[in-house]
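target27.csv follows (CSV, C-alpha atoms):
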chain,number,residue,atom,x,y,z
A,1,MET,CA,-13.2,-10.3,-3.5
A,2,GLU,CA,-9.9,-10.4,-1.6
A,3,PHE,CA,-9.2,-9.0,1.9
A,4,CYS,CA,-5.9,-7.7,3.3
A,5,VAL,CA,-4.9,-6.0,6.6
A,6,MET,CA,-3.4,-2.6,6.5
A,7,ILE,CA,-1.7,-0.9,9.5
A,8,GLU,CA,-0.1,2.5,10.3
A,9,PRO,CA,2.8,1.6,12.5
A,10,HIS,CA,4.4,5.0,12.4
A,11,ASN,CA,1.8,6.1,15.0
A,12,GLY,CA,3.3,3.7,17.5
A,13,ALA,CA,4.2,0.0,17.0
A,14,SER,CA,7.1,-2.2,17.7
A,15,TYR,CA,8.2,-5.0,15.3
A,16,ASP,CA,6.7,-7.5,17.6
A,17,ASP,CA,3.4,-5.6,17.5
A,18,GLN,CA,3.4,-5.9,13.7
A,19,LEU,CA,4.4,-9.5,13.7
A,20,ARG,CA,1.5,-10.4,16.0
A,21,VAL,CA,-0.9,-8.7,13.6
A,22,ALA,CA,0.6,-10.3,10.5
A,23,LEU,CA,0.6,-13.8,12.0
A,24,HIS,CA,-3.0,-13.4,13.2
A,25,ALA,CA,-4.1,-12.1,9.8
A,26,GLU,CA,-2.4,-15.1,8.1
A,27,ASN,CA,-4.1,-17.6,10.5
A,28,LEU,CA,-7.5,-16.0,9.8
A,29,GLY,CA,-7.1,-16.3,6.1
A,30,PHE,CA,-6.4,-12.7,5.0
A,31,ALA,CA,-4.7,-12.5,1.7
A,32,GLY,CA,-2.1,-9.9,2.6
A,33,PHE,CA,-0.5,-7.7,5.3
A,34,PHE,CA,0.4,-4.2,4.2
A,35,ARG,CA,1.9,-1.2,6.1
A,36,SER,CA,2.3,2.5,5.5
A,37,ASP,CA,5.7,4.0,4.9
A,38,HIS,CA,6.2,7.0,7.2
A,39,LEU,CA,9.0,8.2,9.4
A,40,ILE,CA,7.1,10.3,12.0
A,41,ALA,CA,3.9,9.9,13.9
A,42,GLY,CA,0.7,11.5,12.7
A,43,ASP,CA,-1.1,11.1,16.0
A,44,GLY,CA,0.2,10.6,19.6
A,45,ASP,CA,3.7,10.4,20.8
A,46,GLY,CA,4.7,7.8,18.2
A,47,LEU,CA,6.5,5.6,20.8
A,48,PRO,CA,8.4,3.4,20.5
A,49,GLY,CA,9.3,5.2,17.2
A,50,PRO,CA,9.0,4.5,13.5
A,51,SER,CA,10.1,1.2,11.9
A,52,GLU,CA,11.6,1.1,8.5
A,53,THR,CA,9.2,-0.4,6.0
A,54,TRP,CA,11.4,-2.7,4.0
A,55,ILE,CA,13.5,-3.9,7.0
A,56,THR,CA,10.2,-4.8,8.7
A,57,LEU,CA,8.8,-6.6,5.6
A,58,ALA,CA,12.1,-8.5,5.2
A,59,ALA,CA,11.8,-9.8,8.8
A,60,LEU,CA,8.1,-10.7,8.3
A,61,ALA,CA,9.0,-12.5,5.1
A,62,ARG,CA,11.0,-15.0,7.2
A,63,GLU,CA,8.3,-15.4,9.9
A,64,THR,CA,5.2,-15.8,7.8
A,65,SER,CA,4.5,-18.4,5.2
A,66,THR,CA,1.5,-17.7,3.0
A,67,ILE,CA,0.3,-14.1,3.4
A,68,ARG,CA,1.4,-11.5,0.9
A,69,LEU,CA,3.4,-8.6,2.1
A,70,GLY,CA,3.7,-5.0,0.9
A,71,SER,CA,3.6,-1.2,1.3
A,72,LEU,CA,0.8,1.3,0.9
A,73,MET,CA,2.6,3.4,-0.2
A,74,THR,CA,6.4,3.5,-0.2
A,75,SER,CA,7.4,7.1,-0.8
A,76,ALA,CA,9.5,7.7,-3.9
A,77,THR,CA,11.2,10.6,-2.1
A,78,PHE,CA,12.7,8.2,0.6
A,79,ARG,CA,14.9,6.0,-1.6
A,80,HIS,CA,16.9,6.0,-4.8
A,81,PRO,CA,15.2,3.7,-7.3
A,82,SER,CA,18.4,1.5,-7.6
A,83,LEU,CA,18.3,0.9,-3.8
A,84,LEU,CA,14.6,0.3,-3.8
A,85,ALA,CA,14.9,-2.2,-6.6
A,86,VAL,CA,17.4,-4.2,-4.6
A,87,SER,CA,15.4,-4.0,-1.4
A,88,VAL,CA,12.1,-5.1,-3.0
A,89,ALA,CA,13.8,-7.9,-5.0
A,90,GLN,CA,15.6,-9.3,-2.0
A,91,VAL,CA,12.5,-9.3,0.2
A,92,ASP,CA,10.6,-11.0,-2.6
A,93,GLN,CA,13.2,-13.7,-2.6
A,94,MET,CA,13.2,-14.0,1.2
A,95,SER,CA,9.4,-14.4,1.1
A,96,GLY,CA,9.3,-17.0,-1.7
A,97,GLY,CA,7.6,-14.5,-4.1
A,98,ARG,CA,5.0,-12.9,-1.8
A,99,VAL,CA,5.9,-9.2,-2.1
A,100,GLU,CA,3.9,-6.3,-3.6
A,101,LEU,CA,5.1,-2.7,-4.0
A,102,GLY,CA,2.8,0.2,-3.4
A,103,LEU,CA,4.7,3.3,-4.6
A,104,GLY,CA,3.7,6.9,-4.4
A,105,ALA,CA,5.2,10.3,-5.2
A,106,GLY,CA,5.4,11.5,-1.5
A,107,TRP,CA,3.3,14.2,0.0
A,108,TRP,CA,3.7,14.8,3.8
A,109,VAL,CA,5.5,18.2,4.2
A,110,ARG,CA,6.0,17.9,8.0
A,111,GLU,CA,7.5,14.5,7.7
A,112,HIS,CA,10.1,15.6,5.1
A,113,ALA,CA,11.0,18.7,7.1
A,114,ALA,CA,11.4,16.6,10.3
A,115,THR,CA,13.7,14.1,8.6
A,116,GLY,CA,15.6,16.5,6.3
A,117,ILE,CA,14.5,14.7,3.2
A,118,GLU,CA,13.8,16.9,0.2
A,119,LEU,CA,10.2,17.2,-0.9
A,120,PRO,CA,10.3,18.8,-4.4
A,121,LYS,CA,7.4,20.8,-5.9
A,122,ILE,CA,4.6,18.6,-7.0
A,123,ARG,CA,5.5,18.6,-10.7
A,124,GLU,CA,9.0,17.4,-10.0
A,125,ARG,CA,7.7,14.8,-7.5
A,126,PHE,CA,5.6,13.3,-10.2
A,127,ASP,CA,8.5,13.4,-12.7
A,128,ARG,CA,10.6,11.5,-10.2
A,129,PHE,CA,7.8,9.1,-9.4
A,130,ALA,CA,7.3,8.4,-13.1
A,131,GLU,CA,11.0,7.8,-13.7
A,132,GLN,CA,11.3,5.6,-10.7
A,133,LEU,CA,8.6,3.3,-12.0
A,134,GLU,CA,10.4,3.1,-15.4
A,135,ILE,CA,13.8,2.4,-13.7
A,136,LEU,CA,12.3,-0.3,-11.4
A,137,HIS,CA,10.8,-2.0,-14.4
A,138,GLY,CA,14.0,-1.7,-16.4
A,139,LEU,CA,16.2,-3.1,-13.6
A,140,TRP,CA,13.9,-6.1,-12.9
A,141,SER,CA,13.2,-6.9,-16.5
A,142,THR,CA,16.8,-6.7,-17.9
A,143,PRO,CA,18.0,-10.3,-18.6
A,144,VAL,CA,20.6,-11.7,-16.4
A,145,GLY,CA,24.0,-11.0,-17.9
A,146,GLU,CA,22.9,-7.8,-19.6
A,147,THR,CA,22.9,-4.3,-18.2
A,148,TYR,CA,20.4,-1.4,-17.9
A,149,SER,CA,21.1,2.2,-18.5
A,150,PHE,CA,18.9,5.3,-17.9
A,151,SER,CA,19.7,9.0,-18.3
A,152,SER,CA,17.7,12.1,-17.4
A,153,ASP,CA,18.1,15.3,-15.5
A,154,LEU,CA,16.9,13.4,-12.4
A,155,TYR,CA,18.5,10.0,-12.5
A,156,THR,CA,21.4,8.4,-14.4
A,157,LEU,CA,22.3,4.7,-14.3
A,158,ASP,CA,25.2,3.6,-16.4
A,159,ARG,CA,25.2,-0.1,-17.3
A,160,ALA,CA,23.6,-1.3,-14.1
A,161,PRO,CA,23.5,-5.1,-13.8
A,162,GLY,CA,19.9,-5.2,-12.6
A,163,LEU,CA,20.6,-7.6,-9.8
A,164,PRO,CA,19.2,-9.2,-7.7
A,165,LYS,CA,16.0,-10.3,-9.5
A,166,PRO,CA,12.7,-10.8,-7.7
A,167,MET,CA,11.4,-14.3,-7.5
A,168,GLN,CA,8.2,-13.2,-9.1
A,169,VAL,CA,8.3,-12.6,-12.9
A,170,GLN,CA,6.4,-9.4,-12.1
A,171,VAL,CA,6.3,-7.9,-8.6
A,172,PRO,CA,2.8,-6.4,-8.5
A,173,VAL,CA,3.1,-2.6,-8.4
A,174,ILE,CA,0.3,-0.7,-6.8
A,175,ILE,CA,-0.4,3.0,-7.6
A,176,GLY,CA,-3.1,5.0,-5.9
A,177,GLY,CA,-4.5,8.5,-5.4
A,178,ASP,CA,-7.1,10.9,-6.7
A,179,GLY,CA,-5.1,12.7,-9.4
A,180,LYS,CA,-7.0,13.5,-12.6
A,181,THR,CA,-4.4,12.9,-15.2
A,182,ARG,CA,-0.9,11.8,-14.3
A,183,THR,CA,-1.9,9.3,-11.6
A,184,PRO,CA,-4.4,7.4,-13.9
A,185,GLY,CA,-1.8,7.5,-16.7
A,186,LEU,CA,1.0,6.1,-14.6
A,187,ALA,CA,-1.3,3.4,-13.3
A,188,ALA,CA,-2.3,2.4,-16.8
A,189,ARG,CA,1.3,2.1,-17.9
A,190,TRP,CA,3.0,0.6,-14.9
A,191,ALA,CA,0.7,-0.8,-12.3
A,192,GLN,CA,-0.9,-4.2,-11.7
A,193,GLU,CA,-3.3,-2.6,-9.2
A,194,PHE,CA,-4.9,0.8,-8.7
A,195,ASN,CA,-6.0,1.9,-5.2
A,196,SER,CA,-8.6,4.5,-4.3
A,197,GLY,CA,-8.3,4.8,-0.6
A,198,TRP,CA,-10.6,6.1,2.1
A,199,GLU,CA,-13.3,7.2,-0.4
A,200,ASN,CA,-17.0,6.3,-0.6
A,201,PRO,CA,-18.1,3.8,-3.3
A,202,THR,CA,-19.3,6.6,-5.6
A,203,VAL,CA,-16.0,8.5,-5.6
A,204,THR,CA,-14.1,5.2,-5.8
A,205,LYS,CA,-15.9,4.2,-8.9
A,206,PHE,CA,-15.4,7.7,-10.4
A,207,GLN,CA,-11.6,7.3,-10.0
A,208,PHE,CA,-11.7,3.7,-11.3
A,209,ASP,CA,-13.4,5.1,-14.5
A,210,ARG,CA,-10.6,7.6,-14.9
A,211,VAL,CA,-8.0,4.8,-14.8
A,212,ALA,CA,-10.1,2.6,-17.2
A,213,THR,CA,-10.1,5.5,-19.7
A,214,ALA,CA,-6.3,5.9,-19.3
A,215,CYS,CA,-5.9,2.2,-20.0
A,216,THR,CA,-8.0,2.3,-23.1
A,217,ARG,CA,-6.1,5.3,-24.3
A,218,ILE,CA,-2.9,3.3,-24.4
A,219,GLY,CA,-4.5,0.1,-25.6
A,220,ARG,CA,-4.5,-1.8,-22.3
A,221,ASP,CA,-7.4,-3.9,-21.3
A,222,PRO,CA,-8.8,-2.2,-18.2
A,223,SER,CA,-9.8,-5.5,-16.7
A,224,SER,CA,-6.1,-6.4,-16.5
A,225,LEU,CA,-5.8,-3.9,-13.6
A,226,ARG,CA,-6.8,-5.0,-10.1
A,227,LEU,CA,-8.9,-2.3,-8.3
A,228,SER,CA,-8.7,-1.8,-4.6
A,229,THR,CA,-9.7,0.4,-1.7
A,230,VAL,CA,-8.5,1.1,1.8
A,231,GLN,CA,-11.2,1.4,4.5
A,232,THR,CA,-10.9,1.9,8.2
A,233,LEU,CA,-12.5,-0.7,10.3
A,234,CYS,CA,-14.6,0.0,13.5
A,235,GLY,CA,-16.9,-3.0,14.0
A,236,GLY,CA,-19.0,-4.1,17.0
A,237,ASP,CA,-22.4,-5.5,17.7
A,238,THR,CA,-23.5,-2.4,19.7
A,239,ALA,CA,-22.8,1.3,19.7
A,240,ALA,CA,-21.0,0.9,23.0
A,241,ASP,CA,-18.8,-1.8,21.4
A,242,ARG,CA,-17.9,0.6,18.6
A,243,GLU,CA,-17.3,3.5,20.9
A,244,ARG,CA,-14.9,1.4,22.9
A,245,ARG,CA,-13.0,0.4,19.8
A,246,ALA,CA,-12.9,4.0,18.5
A,247,ALA,CA,-11.5,5.1,21.9
A,248,GLY,CA,-8.8,2.4,21.5
A,249,MET,CA,-8.0,3.8,18.1
A,250,GLY,CA,-7.8,7.3,19.4
A,251,VAL,CA,-10.5,8.6,17.0
A,252,PRO,CA,-14.0,9.7,17.9
A,253,LEU,CA,-16.5,7.3,16.5
A,254,SER,CA,-18.4,10.2,14.8
A,255,GLU,CA,-15.3,10.9,12.7
A,256,LEU,CA,-14.9,7.4,11.5
A,257,ALA,CA,-16.1,6.3,8.0
A,258,GLY,CA,-15.5,3.1,6.0
A,259,LEU,CA,-16.3,-0.3,7.5
A,260,VAL,CA,-18.2,0.9,10.5
A,261,GLY,CA,-21.1,-0.8,12.3
A,262,ASN,CA,-22.3,-4.3,13.1
A,263,GLU,CA,-21.7,-7.4,11.0
A,264,ARG,CA,-24.7,-6.7,8.8
A,265,ASP,CA,-23.6,-3.1,8.3
A,266,ILE,CA,-20.1,-4.3,7.3
A,267,ARG,CA,-21.4,-6.9,4.9
A,268,GLY,CA,-23.5,-4.2,3.2
A,269,GLN,CA,-20.6,-1.8,3.0
A,270,VAL,CA,-18.3,-4.4,1.5
A,271,ALA,CA,-21.1,-5.2,-1.1
A,272,ASP,CA,-21.3,-1.5,-2.0
A,273,PHE,CA,-17.6,-1.4,-2.8
A,274,GLU,CA,-17.8,-4.6,-4.7
A,275,ALA,CA,-20.6,-3.1,-6.8
A,276,ALA,CA,-18.2,-0.1,-7.5
A,277,GLY,CA,-15.7,-2.5,-9.0
A,278,VAL,CA,-13.4,-3.2,-6.0
A,279,ASP,CA,-11.5,-6.5,-6.3
A,280,ARG,CA,-9.5,-6.1,-3.1
A,281,VAL,CA,-10.3,-4.4,0.3
A,282,TYR,CA,-7.5,-3.3,2.6
A,283,VAL,CA,-9.0,-3.4,6.1
A,284,GLU,CA,-7.2,-0.7,8.1
A,285,ILE,CA,-6.9,-1.4,11.8
A,286,LEU,CA,-5.6,1.4,14.0
A,287,ASP,CA,-5.4,-0.4,17.4
A,288,LEU,CA,-2.9,-3.2,16.9
A,289,ALA,CA,-3.5,-4.6,20.4
A,290,ASP,CA,-7.1,-5.4,19.5
A,291,LEU,CA,-6.7,-8.6,17.5
A,292,GLU,CA,-10.3,-9.6,18.2
A,293,HIS,CA,-11.2,-6.7,15.8
A,294,LEU,CA,-9.9,-8.8,12.9
A,295,ASN,CA,-11.8,-11.8,14.2
A,296,TYR,CA,-15.0,-9.7,14.1
A,297,PHE,CA,-14.4,-8.7,10.5
A,298,ALA,CA,-13.5,-12.2,9.4
A,299,ASP,CA,-16.7,-13.5,11.0
A,300,ALA,CA,-18.8,-10.7,9.4
A,301,ILE,CA,-17.7,-11.5,5.9
A,302,GLY,CA,-17.2,-15.3,6.3
A,303,LEU,CA,-13.5,-15.3,5.8
Once you've parsed the file, please lay out its structure as structure tokens.
Amino acid sequence: MEFCVMIEPHNGASYDDQLRVALHAENLGFAGFFRSDHLIAGDGDGLPGPSETWITLAALARETSTIRLGSLMTSATFRHPSLLAVSVAQVDQMSGGRVELGLGAGWWVREHAATGIELPKIRERFDRFAEQLEILHGLWSTPVGETYSFSSDLYTLDRAPGLPKPMQVQVPVIIGGDGKTRTPGLAARWAQEFNSGWENPTVTKFQFDRVATACTRIGRDPSSLRLSTVQTLCGGDTAADRERRAAGMGVPLSELAGLVGNERDIRGQVADFEAAGVDRVYVEILDLADLEHLNYFADAIGL
């Protein structure tokens, strides 16, 4: 099983805050550093303000050396697929081939209203999402010297050169969610990883089974798809330790679920997710000043 760090910087984090976490996670041996892709705060005043996901990842690509870098999830509503293809490919080159792209359809109504970005009805959002996945694949896989074209009511590309190319032959694409049909189908067709976030092991396995069925339906080996979960961390030897950490996170301890408890509790929770089929755990930390929290988790699971 692999462990990555996941943060929510839109709730208040400078670039330097994110860099400290990324470097600390890399030094501890975490496999990846991932961040959400939002433009307004969900909690608190959001100061110093949001940071753009792919600009941040580009900078981290030059200041880290081994840890993988990515988004959970980049919103398809925020960027045209041609621009996203260039951004991701360039950051992949800048990192020496360490980028992963989590991509979603977009969902947060208030965020889109605040920023003036259109949030279509759910059917059109998923149509756009599906076409973006196809366009990204087409642009990256078109041989150098050839061009890529695509035409629909939503997007039209006329003989695009498909440059730059990522360093990786295949940038891992991560798709997640709890959709019954379209999400599993898109993951089966386009993703290298499927993520079921913030659910318990039983619900997580149920969604994994849906995706496995979708893979089988199109003739894909379900074992070729990495399976992951995001779980919030609140660890500490005593209840008082955990209460202190929860206060720093701005969330009552009673409302926290995921990887919560002492080291033995956390090891048991990780084992439960592993039994559900999880290959990779994204450990969500909400207090970016508490780097010792990552140490606690790393010690608990013997990282």
| query | Mind pulling up the distance from atom CA of Asp272 of chain A to atom CA of Pro201 of chain A? | reply | 6.3 Å
| message | Between A:Gly236, A:Gly162, A:Gly268, A:Pro81, which residue has the minimum interatomic distance to Glu131 of chain A, considering only C-alpha atoms? | response |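 The closest residue to Glu131 of chain A is A:Pro81.
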Can you pull out every residue within 7 Å of segment 59-65 of chain A, counting all atoms listed in the file, but drop anything in the same chain fewer than 6 positions away, and send it as a short mmCIF file (atom, residue, chain, number, x, y, z; two decimals) with C-alpha atoms, in the coordinates of the input?
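Final output, saved to part11.cif:
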data_model
loop_
_atom_site.label_atom_id
_atom_site.label_comp_id
_atom_site.auth_asym_id
_atom_site.auth_seq_id
_atom_site.Cartn_x
_atom_site.Cartn_y
_atom_site.Cartn_z
CA LEU A 19 4.40 -9.50 13.70
CA LEU A 23 0.60 -13.80 12.00
CA VAL A 91 12.50 -9.30 0.20
CA MET A 94 13.20 -14.00 1.20
CA SER A 95 9.40 -14.40 1.10
#
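Across the model, the gap from atom CA of Asp241 of chain A to atom CA of Tyr296 of chain A is 11.4 Å.
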| task | Figure out the distance between atom CA of Pro172 of chain A and atom CA of Thr213 of chain A, please, to one decimal in Å. | result |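 Rounded to one decimal, the two atoms are 20.8 Å apart.
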| task | Write out as a list in words the residues lying within 6 Å of segment 253-261 of chain A, counting only C-alpha atoms and excluding same-chain residues fewer than 3 positions away. | result | Gln231, Thr232, Leu233, Cys234, Gly235, Glu243, Ala246, Asp265 and Ile266 of chain A
Contacts of Gly179 of chain A within 12 Å, only C-alpha atoms, excl. fewer than 5 positions in-chain, as a PDB file with C-alpha atoms, in the coordinates of the input:
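Final output, saved to out32.pdb:
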ATOM      1  CA  GLY A 104       3.700   6.900  -4.400  1.00  0.00           C
ATOM      2  CA  ALA A 105       5.200  10.300  -5.200  1.00  0.00           C
ATOM      3  CA  ILE A 122       4.600  18.600  -7.000  1.00  0.00           C
ATOM      4  CA  PHE A 126       5.600  13.300 -10.200  1.00  0.00           C
ATOM      5  CA  PRO A 184      -4.400   7.400 -13.900  1.00  0.00           C
ATOM      6  CA  GLY A 185      -1.800   7.500 -16.700  1.00  0.00           C
ATOM      7  CA  LEU A 186       1.000   6.100 -14.600  1.00  0.00           C
ATOM      8  CA  ALA A 187      -1.300   3.400 -13.300  1.00  0.00           C
ATOM      9  CA  PHE A 194      -4.900   0.800  -8.700  1.00  0.00           C
ATOM     10  CA  ASN A 195      -6.000   1.900  -5.200  1.00  0.00           C
ATOM     11  CA  SER A 196      -8.600   4.500  -4.300  1.00  0.00           C
ATOM     12  CA  PHE A 206     -15.400   7.700 -10.400  1.00  0.00           C
ATOM     13  CA  GLN A 207     -11.600   7.300 -10.000  1.00  0.00           C
ATOM     14  CA  PHE A 208     -11.700   3.700 -11.300  1.00  0.00           C
ATOM     15  CA  ARG A 210     -10.600   7.600 -14.900  1.00  0.00           C
ATOM     16  CA  VAL A 211      -8.000   4.800 -14.800  1.00  0.00           C
TER      17      VAL A 211
END
| At most 10 Å from (9.3, -4.8, -8.6), file frame, all atoms listed in the file: which residues, as a PyMOL selection string? | chain A and resi 84-89+92+99-102+133+135-141+165-173
